[in-house]
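Enquirer: Please find structure_21.cif (mmCIF, C-alpha atoms and all ligand atoms) on the next line:
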```cif
data_query
#
loop_
_atom_site.label_atom_id
_atom_site.label_comp_id
_atom_site.auth_asym_id
_atom_site.auth_seq_id
_atom_site.Cartn_x
_atom_site.Cartn_y
_atom_site.Cartn_z
CA MET A 1 -97.07 -0.36 71.29
CA GLN A 2 -93.99 0.32 69.19
CA ASN A 3 -91.59 -2.60 68.60
CA LEU A 4 -88.24 -1.42 69.89
CA GLY A 5 -86.58 -4.84 70.12
CA ILE A 6 -84.33 -6.25 67.42
CA ALA A 7 -84.52 -9.53 65.54
CA ILE A 8 -82.04 -10.81 62.96
CA THR A 9 -84.30 -12.40 60.40
CA GLY A 10 -82.20 -13.11 57.33
CA SER A 11 -78.69 -13.70 56.09
CA GLY A 12 -76.88 -14.02 52.79
CA SER A 13 -73.38 -14.23 51.38
CA ALA A 14 -71.43 -14.11 48.14
CA VAL A 15 -67.83 -14.50 47.07
CA PRO A 16 -66.02 -13.83 43.79
CA THR A 17 -65.93 -16.77 41.37
CA THR A 18 -62.14 -17.26 41.27
CA SER A 19 -60.49 -19.21 44.06
CA LEU A 20 -56.77 -19.29 44.76
CA ASP A 21 -55.32 -22.20 46.73
CA ASN A 22 -52.14 -22.20 48.81
CA GLN A 23 -50.26 -24.07 46.11
CA ALA A 24 -50.90 -21.22 43.67
CA LEU A 25 -49.39 -18.75 46.16
CA THR A 26 -46.10 -20.68 46.16
CA LYS A 27 -45.62 -19.37 42.62
CA LEU A 28 -45.82 -15.78 43.90
CA VAL A 29 -43.88 -15.81 47.18
CA ASP A 30 -41.54 -18.06 49.16
CA THR A 31 -44.18 -20.01 51.09
CA SER A 32 -45.69 -23.47 51.29
CA ASP A 33 -49.12 -25.04 51.70
CA GLU A 34 -47.76 -26.63 54.88
CA TRP A 35 -46.73 -23.26 56.44
CA ILE A 36 -50.01 -21.55 55.58
CA THR A 37 -52.18 -24.44 56.75
CA THR A 38 -50.40 -25.06 60.04
CA ARG A 39 -49.96 -21.37 60.96
CA THR A 40 -53.40 -20.16 59.86
CA GLY A 41 -55.74 -23.01 58.84
CA ILE A 42 -56.34 -21.29 55.49
CA ARG A 43 -56.37 -23.54 52.40
CA GLN A 44 -57.80 -21.24 49.77
CA ARG A 45 -59.37 -17.80 49.32
CA HIS A 46 -61.52 -16.13 46.66
CA VAL A 47 -60.23 -13.13 44.72
CA ALA A 48 -62.24 -10.66 42.65
CA ASN A 49 -61.36 -10.35 38.97
CA PRO A 50 -61.41 -6.95 37.23
CA GLN A 51 -65.04 -7.44 36.10
CA GLU A 52 -66.26 -8.05 39.64
CA SER A 53 -66.90 -5.27 42.14
CA LEU A 54 -67.52 -4.81 45.83
CA SER A 55 -70.98 -3.45 45.07
CA ALA A 56 -71.87 -6.54 43.00
CA ILE A 57 -70.91 -9.16 45.61
CA ALA A 58 -72.45 -7.04 48.39
CA THR A 59 -75.68 -6.74 46.39
CA ALA A 60 -75.78 -10.51 45.79
CA ALA A 61 -75.37 -11.18 49.53
CA ALA A 62 -78.00 -8.54 50.38
CA LYS A 63 -80.57 -10.06 47.99
CA GLN A 64 -80.27 -13.45 49.71
CA ALA A 65 -80.64 -11.88 53.15
CA LEU A 66 -83.77 -9.98 52.08
CA GLU A 67 -85.26 -13.15 50.57
CA MET A 68 -84.69 -15.09 53.79
CA ALA A 69 -86.27 -12.28 55.81
CA LEU A 70 -89.24 -12.22 53.37
CA LEU A 71 -88.68 -8.51 52.71
CA LYS A 72 -88.83 -6.61 49.44
CA PRO A 73 -86.11 -4.03 48.64
CA GLU A 74 -88.75 -1.27 49.02
CA ASP A 75 -89.27 -2.35 52.65
CA VAL A 76 -85.70 -1.43 53.64
CA ASP A 77 -85.31 1.79 55.66
CA LEU A 78 -81.54 1.79 56.09
CA ILE A 79 -78.53 0.14 54.43
CA VAL A 80 -75.25 0.09 56.35
CA LEU A 81 -72.26 -1.17 54.39
CA ALA A 82 -69.30 -2.09 56.58
CA THR A 83 -66.24 -2.02 54.35
CA SER A 84 -62.70 -0.70 54.12
CA THR A 85 -62.48 -1.34 50.39
CA PRO A 86 -65.35 0.49 48.66
CA ASP A 87 -65.42 0.75 44.87
CA ASP A 88 -65.52 4.50 45.42
CA LEU A 89 -63.91 6.28 48.36
CA PHE A 90 -67.07 8.39 48.70
CA GLY A 91 -68.84 5.14 49.58
CA SER A 92 -70.49 2.19 47.86
CA ALA A 93 -73.67 1.83 49.94
CA CYS A 94 -75.72 4.10 47.65
CA ARG A 95 -74.73 2.11 44.59
CA ILE A 96 -75.94 -1.03 46.34
CA GLN A 97 -79.17 0.77 47.25
CA ALA A 98 -79.69 1.55 43.54
CA GLU A 99 -78.78 -1.98 42.40
CA LEU A 100 -81.25 -3.47 44.90
CA GLY A 101 -83.96 -0.96 44.05
CA ALA A 102 -84.28 -0.11 47.76
CA LYS A 103 -85.86 3.22 46.85
CA ARG A 104 -86.88 4.30 50.36
CA ALA A 105 -83.62 3.40 52.07
CA VAL A 106 -80.98 5.77 53.28
CA ALA A 107 -77.54 4.22 52.76
CA PHE A 108 -74.05 4.86 54.05
CA ASP A 109 -70.67 3.20 54.52
CA LEU A 110 -69.09 2.45 57.89
CA THR A 111 -65.36 1.79 58.26
CA ALA A 112 -64.07 -0.24 61.17
CA ALA A 113 -61.90 -2.76 59.30
CA CYS A 114 -62.39 -6.35 60.52
CA SER A 115 -64.62 -5.12 63.36
CA GLY A 116 -66.91 -3.49 60.81
CA PHE A 117 -69.69 -6.06 60.97
CA VAL A 118 -70.03 -5.99 64.78
CA PHE A 119 -69.75 -2.19 64.86
CA GLY A 120 -72.34 -2.04 62.07
CA LEU A 121 -74.68 -4.40 63.92
CA VAL A 122 -74.63 -2.19 67.01
CA THR A 123 -75.02 0.98 64.91
CA ALA A 124 -77.98 -0.47 63.01
CA ALA A 125 -79.55 -1.62 66.26
CA GLN A 126 -79.59 1.93 67.66
CA TYR A 127 -81.85 3.13 64.83
CA ILE A 128 -84.31 0.35 65.59
CA ARG A 129 -84.19 0.80 69.36
CA THR A 130 -84.97 4.50 69.02
CA GLY A 131 -87.95 3.68 66.80
CA VAL A 132 -86.51 5.54 63.80
CA PHE A 133 -86.25 2.57 61.44
CA GLN A 134 -87.97 -0.83 61.21
CA ASN A 135 -85.97 -2.76 58.59
CA VAL A 136 -82.22 -2.45 58.28
CA LEU A 137 -79.89 -4.22 55.86
CA LEU A 138 -76.36 -4.63 57.21
CA ILE A 139 -73.66 -5.75 54.81
CA GLY A 140 -70.04 -6.60 55.58
CA ALA A 141 -67.96 -6.76 52.41
CA ASP A 142 -64.32 -6.39 51.48
CA ILE A 143 -62.06 -6.89 48.49
CA LEU A 144 -58.69 -6.84 50.20
CA SER A 145 -56.99 -8.46 47.19
CA ARG A 146 -56.94 -4.93 45.75
CA TRP A 147 -54.78 -3.72 48.63
CA VAL A 148 -52.55 -6.66 49.48
CA ASP A 149 -48.86 -6.56 48.61
CA TRP A 150 -48.66 -9.77 46.60
CA GLN A 151 -44.86 -9.80 47.13
CA ASP A 152 -45.24 -9.86 50.94
CA ARG A 153 -45.60 -13.44 52.16
CA ARG A 154 -46.41 -12.26 55.71
CA THR A 155 -49.73 -10.80 54.58
CA CYS A 156 -50.69 -11.98 51.08
CA VAL A 157 -51.44 -15.54 52.21
CA LEU A 158 -53.98 -14.37 54.79
CA PHE A 159 -56.65 -12.37 53.04
CA GLY A 160 -59.56 -13.12 50.72
CA ASP A 161 -62.55 -11.33 49.20
CA GLY A 162 -66.22 -11.76 50.08
CA ALA A 163 -69.51 -10.32 51.27
CA GLY A 164 -72.09 -11.24 53.89
CA ALA A 165 -75.33 -9.57 54.88
CA VAL A 166 -78.02 -9.72 57.54
CA VAL A 167 -81.44 -8.16 57.96
CA LEU A 168 -82.31 -6.57 61.30
CA GLN A 169 -85.98 -5.92 62.03
CA ALA A 170 -87.95 -4.21 64.73
CA ASN A 171 -89.39 -6.94 66.94
CA GLN A 172 -91.44 -7.23 70.10
CA SER A 173 -88.81 -9.22 71.98
CA ASP A 174 -85.21 -7.99 71.84
CA ARG A 175 -82.87 -10.61 70.42
CA LEU A 176 -79.75 -8.45 70.68
CA LEU A 177 -78.95 -9.44 74.24
CA GLY A 178 -75.72 -7.58 74.89
CA PHE A 179 -72.75 -5.91 73.22
CA GLU A 180 -69.48 -4.15 73.89
CA LEU A 181 -67.24 -2.15 71.54
CA LYS A 182 -63.65 -0.95 72.04
CA SER A 183 -60.92 1.01 70.27
CA ASP A 184 -57.25 1.56 71.06
CA GLY A 185 -55.66 4.03 68.67
CA THR A 186 -52.33 3.88 70.49
CA GLN A 187 -51.82 0.59 68.63
CA ASN A 188 -52.87 2.05 65.29
CA GLY A 189 -49.51 1.25 63.70
CA SER A 190 -50.03 -2.53 64.04
CA LEU A 191 -52.27 -2.86 60.98
CA ASN A 192 -52.58 -0.24 58.27
CA LEU A 193 -53.60 0.52 54.72
CA PRO A 194 -52.02 3.97 54.78
CA TYR A 195 -52.38 6.94 52.46
CA ASN A 196 -48.97 8.07 51.31
CA ALA A 197 -48.70 11.50 49.85
CA SER A 198 -46.02 13.87 48.72
CA GLY A 199 -46.29 17.63 48.77
CA ARG A 200 -47.25 19.47 45.62
CA GLU A 201 -47.13 23.23 45.30
CA LEU A 202 -50.40 24.44 43.81
CA THR A 203 -49.52 28.13 43.73
CA PRO A 204 -46.58 29.87 45.38
CA GLY A 205 -46.86 29.31 49.13
CA ILE A 206 -49.82 26.88 48.91
CA GLU A 207 -48.94 23.23 49.11
CA ILE A 208 -51.28 20.27 49.15
CA ALA A 209 -50.61 16.54 49.57
CA GLN A 210 -51.40 14.06 46.83
CA GLY A 211 -50.64 10.37 46.57
CA THR A 212 -52.34 7.03 46.87
CA TYR A 213 -53.11 4.29 49.38
CA GLN A 214 -50.31 1.82 50.03
CA PRO A 215 -50.62 -1.95 50.46
CA ILE A 216 -51.55 -3.48 53.82
CA THR A 217 -48.83 -3.63 56.46
CA MET A 218 -49.28 -5.70 59.61
CA ASN A 219 -47.32 -6.65 62.67
CA GLY A 220 -48.79 -10.15 62.76
CA LYS A 221 -47.41 -11.11 66.14
CA GLU A 222 -48.76 -7.95 67.82
CA VAL A 223 -52.21 -8.40 66.29
CA TYR A 224 -52.22 -12.07 67.27
CA ARG A 225 -51.36 -11.26 70.90
CA PHE A 226 -53.98 -8.50 70.98
CA ALA A 227 -56.71 -10.77 69.58
CA VAL A 228 -56.05 -13.68 71.91
CA GLN A 229 -56.09 -11.40 74.97
CA LYS A 230 -58.87 -8.93 74.11
CA VAL A 231 -61.45 -11.10 72.36
CA PRO A 232 -62.19 -13.44 75.31
CA GLU A 233 -62.37 -10.37 77.60
CA ILE A 234 -64.87 -8.55 75.44
CA ILE A 235 -67.05 -11.62 74.92
CA ASP A 236 -67.12 -12.07 78.69
CA LYS A 237 -68.19 -8.43 79.09
CA ALA A 238 -70.91 -8.71 76.44
CA LEU A 239 -72.18 -11.92 78.07
CA PHE A 240 -72.27 -10.11 81.42
CA ARG A 241 -74.37 -7.36 79.82
CA ALA A 242 -76.64 -10.05 78.36
CA ASN A 243 -76.92 -11.65 81.79
CA LEU A 244 -75.80 -14.96 80.31
CA SER A 245 -73.08 -17.43 81.23
CA VAL A 246 -70.61 -18.80 78.71
CA GLU A 247 -72.32 -22.22 78.95
CA GLN A 248 -75.44 -20.66 77.46
CA VAL A 249 -73.65 -19.78 74.22
CA ASP A 250 -74.64 -22.14 71.41
CA TRP A 251 -72.25 -20.79 68.75
CA LEU A 252 -69.05 -18.79 68.76
CA VAL A 253 -68.79 -16.84 65.49
CA LEU A 254 -65.49 -14.99 65.48
CA HIS A 255 -63.85 -12.89 62.83
CA GLN A 256 -62.18 -15.56 60.69
CA ALA A 257 -58.56 -14.39 60.84
CA ASN A 258 -56.64 -17.47 61.92
CA GLN A 259 -57.69 -20.93 63.16
CA ARG A 260 -55.13 -20.63 65.96
CA ILE A 261 -56.88 -17.47 67.19
CA LEU A 262 -60.27 -19.21 67.04
CA ASP A 263 -58.88 -22.17 69.00
CA ALA A 264 -57.13 -19.99 71.61
CA VAL A 265 -60.22 -17.81 72.21
CA ALA A 266 -62.51 -20.84 72.52
CA ASP A 267 -59.99 -22.45 74.85
CA ARG A 268 -59.78 -19.38 77.13
CA LEU A 269 -63.56 -19.13 77.28
CA LYS A 270 -63.87 -22.91 77.75
CA ILE A 271 -66.20 -23.16 74.76
CA PRO A 272 -65.96 -26.63 73.16
CA GLN A 273 -64.74 -26.89 69.56
CA GLN A 274 -68.15 -28.20 68.36
CA LYS A 275 -69.62 -24.78 69.11
CA VAL A 276 -67.02 -22.86 67.09
CA ILE A 277 -68.03 -21.87 63.56
CA SER A 278 -65.04 -21.89 61.23
CA ASN A 279 -64.91 -21.52 57.46
CA LEU A 280 -61.61 -19.69 57.02
CA ALA A 281 -60.08 -22.76 55.33
CA CYS A 282 -62.18 -21.89 52.27
CA TYR A 283 -62.17 -18.08 52.35
CA GLY A 284 -59.19 -16.77 54.34
CA ASN A 285 -59.62 -13.51 56.22
CA THR A 286 -62.36 -11.57 54.44
CA SER A 287 -62.30 -8.66 56.93
CA ALA A 288 -65.76 -7.12 57.46
CA ALA A 289 -67.36 -9.99 55.52
CA SER A 290 -66.01 -12.84 57.60
CA ILE A 291 -68.59 -12.96 60.41
CA PRO A 292 -71.74 -12.69 58.24
CA LEU A 293 -70.21 -15.12 55.72
CA ALA A 294 -69.61 -17.69 58.48
CA LEU A 295 -73.00 -16.98 60.04
CA ASP A 296 -74.85 -17.37 56.75
CA GLU A 297 -73.16 -20.66 55.92
CA ALA A 298 -73.97 -22.06 59.35
CA VAL A 299 -77.61 -20.95 59.08
CA ARG A 300 -78.00 -22.48 55.60
CA GLN A 301 -76.31 -25.72 56.73
CA GLY A 302 -78.93 -25.94 59.47
CA LYS A 303 -76.32 -25.69 62.24
CA ILE A 304 -77.60 -22.38 63.62
CA LYS A 305 -81.30 -22.70 64.42
CA PRO A 306 -83.96 -20.25 65.58
CA ASP A 307 -83.42 -19.11 69.19
CA ASP A 308 -79.77 -20.28 69.28
CA VAL A 309 -77.53 -17.91 71.25
CA ILE A 310 -74.62 -16.60 69.19
CA ALA A 311 -71.53 -14.85 70.53
CA ALA A 312 -69.95 -12.90 67.66
CA SER A 313 -66.71 -10.98 67.93
CA GLY A 314 -64.73 -8.91 65.45
CA PHE A 315 -61.23 -7.49 65.87
CA GLY A 316 -58.66 -5.77 63.75
CA ALA A 317 -57.24 -2.52 62.48
CA GLY A 318 -57.71 0.59 64.54
CA LEU A 319 -57.15 -1.28 66.70
CA THR A 320 -60.81 -2.04 67.21
CA TRP A 321 -62.68 -4.96 68.74
CA GLY A 322 -66.24 -5.72 69.65
CA ALA A 323 -68.65 -8.46 70.65
CA ALA A 324 -72.38 -8.93 70.25
CA ILE A 325 -74.56 -11.61 71.83
CA PHE A 326 -77.78 -12.30 69.96
CA GLN A 327 -80.38 -14.96 69.33
CA TRP A 328 -81.03 -16.07 65.79
CA GLY A 329 -84.43 -15.36 64.27
CA ARG A 330 -87.57 -13.70 65.55
O1 LIG B 1 -58.00 -9.28 60.36
C1 LIG B 1 -57.04 -8.62 61.09
C2 LIG B 1 -56.53 -9.45 62.13
N1 LIG B 1 -55.30 -10.07 61.73
C3 LIG B 1 -54.89 -11.12 62.37
O2 LIG B 1 -55.58 -11.61 63.22
C4 LIG B 1 -53.50 -11.68 62.12
C5 LIG B 1 -52.89 -12.10 63.42
N2 LIG B 1 -51.60 -12.72 63.25
C6 LIG B 1 -51.46 -13.99 62.80
O3 LIG B 1 -52.41 -14.64 62.47
C7 LIG B 1 -50.08 -14.59 62.76
O4 LIG B 1 -49.18 -13.77 63.48
C8 LIG B 1 -49.52 -14.79 61.32
C9 LIG B 1 -50.29 -15.91 60.64
C10 LIG B 1 -49.66 -13.50 60.53
C11 LIG B 1 -48.04 -15.21 61.37
O5 LIG B 1 -47.89 -16.36 62.16
P1 LIG B 1 -46.73 -16.42 63.25
O6 LIG B 1 -46.76 -17.78 63.85
O7 LIG B 1 -46.88 -15.25 64.16
O8 LIG B 1 -45.44 -16.31 62.35
P2 LIG B 1 -44.26 -15.22 62.44
O9 LIG B 1 -44.72 -13.92 61.95
O10 LIG B 1 -43.62 -15.31 63.79
O11 LIG B 1 -43.24 -15.83 61.41
C12 LIG B 1 -42.50 -17.05 61.66
C13 LIG B 1 -41.60 -17.32 60.50
C14 LIG B 1 -40.74 -16.11 60.14
O12 LIG B 1 -39.48 -16.59 59.73
P3 LIG B 1 -38.21 -16.51 60.72
O13 LIG B 1 -38.05 -15.05 61.03
O14 LIG B 1 -38.60 -17.31 61.91
O15 LIG B 1 -37.12 -17.10 59.91
C15 LIG B 1 -41.44 -15.53 58.94
O16 LIG B 1 -40.56 -14.83 58.08
O17 LIG B 1 -42.38 -17.61 59.33
C16 LIG B 1 -41.96 -16.76 58.26
N3 LIG B 1 -43.13 -16.51 57.40
C17 LIG B 1 -43.48 -17.34 56.42
N4 LIG B 1 -42.94 -18.47 55.96
C18 LIG B 1 -43.56 -19.08 54.93
C19 LIG B 1 -44.02 -15.49 57.48
N5 LIG B 1 -44.96 -15.63 56.52
C20 LIG B 1 -44.64 -16.78 55.86
C21 LIG B 1 -45.23 -17.46 54.78
N6 LIG B 1 -44.67 -18.60 54.35
N7 LIG B 1 -46.36 -17.01 54.19
#
```
Show me this structure written as structure tokens.
Ligand code: UT7
Expert:
Amino acid sequence: MQNLGIAITGSGSAVPTTSLDNQALTKLVDTSDEWITTRTGIRQRHVANPQESLSAIATAAAKQALEMALLKPEDVDLIVLATSTPDDLFGSACRIQAELGAKRAVAFDLTAACSGFVFGLVTAAQYIRTGVFQNVLLIGADILSRWVDWQDRRTCVLFGDGAGAVVLQANQSDRLLGFELKSDGTQNGSLNLPYNASGRELTPGIEIAQGTYQPITMNGKEVYRFAVQKVPEIIDKALFRANLSVEQVDWLVLHQANQRILDAVADRLKIPQQKVISNLACYGNTSAASIPLALDEAVRQGKIKPDDVIAASGFGAGLTWGAAIFQWGR
């Protein structure tokens, strides 16, 4: 019989070498360690230097995940790279495929901002459930430092760079217990990294638009309100689909945007603080990387153990949000 269930069998993570603490940011913008810590919980973040690349940190995270899953690069059928900040706008997944030597794998990028990892997890799962692929490498990676306005104190203190990866494998029992994904484009203007172009006449009567992407803009209060309302709702829905109660959740692994959001979501769901995984103090908001980065750390620290039930939820630009309930390991 074909294995059409899904198991998450490995994880890995990597961040750029340079870290930037809150104190260092006070030299760039009018802010303070006290403001950043109390409003967000963030103490430092990692930023990529010009020699580092998204592909390199994503590859490093992917190698660890493959090692944990006891897979060789040649075993991988599919690589999904969730990112909004590829090294190349045509995509970075194929470069990672080459760097890993995953010769058989098909590779592509997926863009869903900070929801990218959860959207990628569900996407990857479909290929396994339909029997098309057996071994999938899912990477969430972002280098938002490239796109932050370092003069804007409302955003530059929040973000950091990083990569996290997991391996999904076909398995007899299905460990992806439930999921739910949502989008609301009517709120698209709340968080953007927009392309700004001006018209250029190519030949008489034919005009095209050329420009560049502009730094991140965010209505922080709107996004905060959205997250605190929608994330508990979608976790509830995913738990319903999984036929589980909130008491059966062992670990809440949310997109690491703000400690206050983590606390408010846990509070609304009545999940005790000891079950909430948080590492944003060290990394800030690493967008698509934040969930696998937090997951990998918790697995390697021995907190998350085989069979533990994890409720993961991502939310962000789009607006998009999603939740996945899964058990760790085979
Ligand atoms: O990954 C995508 C998801 N993104 C998010 O989840 C972000 C969600 N939003 C948030 O986390 C919070 O809204 C922020 C952390 C972005 C802001 O916290 P807040 O409590 O909503 O602060 P605020 O925007 O209401 O600003 C309060 C004050 C303002 O000053 P006035 O107008 O009261 O005089 C800001 O100008 O704090 C000021 N402020 C700062 N002060 C010092 C804003 N940024 C800073 C700063 N340092 N870095």
Enquirer: So, counting only C-alpha atoms, which residue among A:His255, A:Arg129, A:Lys303, A:Lys230 is closest to Asp174 in chain A?
Expert: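 Residue with the minimum atom-to-atom distance to Asp174 in chain A: A:Arg129.
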Enquirer: With only C-alpha atoms as the counted atoms, please give the residues lying no more than 9 Å from Leu239 in chain A, apart from itself and same-chain residues fewer than 3 positions off, as a list in words.
Expert: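 Once the adjacent positions are removed, what remains is Leu177, Gly178, Phe179, Ile234, Ile235, Asp236, Ala242, Asn243, Leu244, Ser245, Val246, Val249, Ala311, Ala323, Ala324 and Ile325 of chain A.
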Enquirer: Please determine, counting only C-alpha atoms and all ligand atoms, which residue among A:Gln274, A:Thr130, A:Thr18, A:Gln151 has the shortest atom-to-atom distance to ligand LIG 1 (chain B).
Expert: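 Closest candidate: A:Gln151.
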Enquirer: Env of range 43-56 of chain A: 10 Å cut, atoms = all atoms listed in the file, seq-sep filter 5 positions within chain, self excluded. Answer as a PyMOL selection string.
Expert: chain A and resi 14-25+33-34+36-38+61-62+81+83+85-88+91-97+99+141-146+157-163+280-286
Enquirer: Set the cut-off to 7 Å, count only C-alpha atoms and all ligand atoms, and list whatever residues fall near ligand LIG 1 (chain B) as a list in words.
Expert: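 Within the 7 Å cut-off, the matching residues are Asp30, Thr31, Ser32, Trp35, Ile36, Arg39, Thr40, Cys114, Arg153, Arg154, Thr155, Val157, Gly220, Lys221, Val223, Tyr224, Ala227, Ala257, Asn258, Asn285, Ser287, Phe315, Gly316 and Ala317 of chain A.
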Enquirer: Name the residues in contact with range 297-299 of chain A at a cut-off of 12 Å, using only C-alpha atoms, excluding same-chain residues fewer than 2 positions from it; report them as number ranges by chain.
Expert: A: 8-14, 61, 64-65, 68, 163-166, 251-253, 275-280, 282-283, 290-295, 301-308, 310, 328-329
Enquirer: Identify which of the residues A:Met218, A:Ile128, A:Val136, A:Val228 lies closest to Phe108 in chain A, counting only C-alpha atoms when measuring atom-to-atom distances.
Expert: A:Val136
Enquirer: Pick from A:Arg260, A:Ser183, A:Ile57, A:Trp150: nearest to Gly314 in chain A, with only C-alpha atoms counted?
Expert: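 Closest to Gly314 in chain A, using only C-alpha atoms: A:Ser183.
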Enquirer: Show me, as AutoDock Vina command-line options, the centre and edge lengths in Å to one decimal of the axis-aligned box that covers every listed atom of range 145-152 of chain A with 8 Å on each side.
Expert:
```
--center_x -50.9 --center_y -6.8 --center_z 48.3 --size_x 28.1 --size_y 22.1 --size_z 21.2
```
Enquirer: How many Å separate CA of Leu254 in chain A from CA of Phe119 in chain A?
Expert: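 CA of Leu254 in chain A sits 13.5 Å away from CA of Phe119 in chain A.
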Enquirer: Work out how far apart CA of Gly41 in chain A and CA of Gly185 in chain A are and give it in Å to one decimal.
Expert: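 Atom-to-atom, CA of Gly41 in chain A to CA of Gly185 in chain A, that is 28.8 Å.
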Enquirer: Which one is closest to Leu176 in chain A: A:Gln210, A:Asn192, A:Asn219, A:Gln126? Count all atoms listed in the file.
Expert: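 Between A:Gln210, A:Asn192, A:Asn219, A:Gln126, the residue approaching Leu176 in chain A most closely is A:Gln126.
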Enquirer: Using all atoms listed in the file, find the one residue out of A:Ala58, A:Leu137, A:Leu193, A:Ile42 that sits nearest to Glu74 in chain A.
Expert: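 For Glu74 in chain A, the nearest of the given residues is A:Leu137.
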Enquirer: Have a look at CA of Pro215 in chain A and CA of Pro194 in chain A and let me know their distance in Å, one decimal.
Expert: 7.5 Å
Enquirer: Near Asn171 in chain A, within 6 Å and counting all atoms listed in the file, which residues show up once chain neighbours fewer than 6 positions away are dropped, as a PyMOL selection string?
Expert: chain A and resi 3+5-7
Enquirer: Got a sec: who's within 9 Å of Lys182 in chain A, counting only C-alpha atoms, leaving out chain neighbours fewer than 6 positions off, as JSON, numbers by chain?
Expert: {"A": [234, 319, 320, 321, 322]}
Enquirer: Emit range 67-79 of chain A of the structure in the block as a file comprising N, CA, C and O atoms, as a tab-separated table (two decimals), in the first residue's frame.
Expert:
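Writing done, so here's part.tsv:
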```tsv
chain	number	residue	atom	x	y	z
A	67	GLU	N	20.08	15.97	7.40
A	67	GLU	CA	20.86	15.10	8.31
A	67	GLU	C	19.98	14.50	9.39
A	67	GLU	O	20.03	13.31	9.67
A	68	MET	N	19.13	15.35	9.99
A	68	MET	CA	18.26	14.85	11.07
A	68	MET	C	17.28	13.80	10.54
A	68	MET	O	16.96	12.82	11.22
A	69	ALA	N	16.83	14.00	9.30
A	69	ALA	CA	15.87	13.06	8.70
A	69	ALA	C	16.56	11.82	8.13
A	69	ALA	O	15.89	10.93	7.61
A	70	LEU	N	17.89	11.79	8.20
A	70	LEU	CA	18.70	10.69	7.66
A	70	LEU	C	18.47	10.52	6.15
A	70	LEU	O	18.39	9.40	5.64
A	71	LEU	N	18.36	11.65	5.45
A	71	LEU	CA	18.19	11.62	4.00
A	71	LEU	C	19.43	12.20	3.33
A	71	LEU	O	20.09	13.09	3.87
A	72	LYS	N	19.70	11.72	2.13
A	72	LYS	CA	20.77	12.29	1.31
A	72	LYS	C	20.12	13.30	0.35
A	72	LYS	O	18.94	13.15	0.01
A	73	PRO	N	20.89	14.29	-0.11
A	73	PRO	CA	20.30	15.27	-1.04
A	73	PRO	C	19.65	14.60	-2.25
A	73	PRO	O	18.60	15.06	-2.73
A	74	GLU	N	20.23	13.49	-2.72
A	74	GLU	CA	19.67	12.79	-3.90
A	74	GLU	C	18.29	12.18	-3.61
A	74	GLU	O	17.58	11.81	-4.55
A	75	ASP	N	17.94	12.03	-2.33
A	75	ASP	CA	16.64	11.45	-2.00
A	75	ASP	C	15.49	12.45	-2.14
A	75	ASP	O	14.32	12.07	-2.11
A	76	VAL	N	15.83	13.75	-2.23
A	76	VAL	CA	14.79	14.78	-2.19
A	76	VAL	C	14.07	14.87	-3.54
A	76	VAL	O	14.71	14.97	-4.58
A	77	ASP	N	12.73	14.84	-3.48
A	77	ASP	CA	11.92	14.94	-4.70
A	77	ASP	C	11.54	16.38	-5.02
A	77	ASP	O	11.37	16.74	-6.18
A	78	LEU	N	11.32	17.16	-3.96
A	78	LEU	CA	10.80	18.52	-4.14
A	78	LEU	C	11.42	19.45	-3.10
A	78	LEU	O	11.54	19.08	-1.93
A	79	ILE	N	11.81	20.65	-3.55
A	79	ILE	CA	12.26	21.70	-2.62
A	79	ILE	C	11.32	22.89	-2.78
A	79	ILE	O	11.14	23.41	-3.88
```
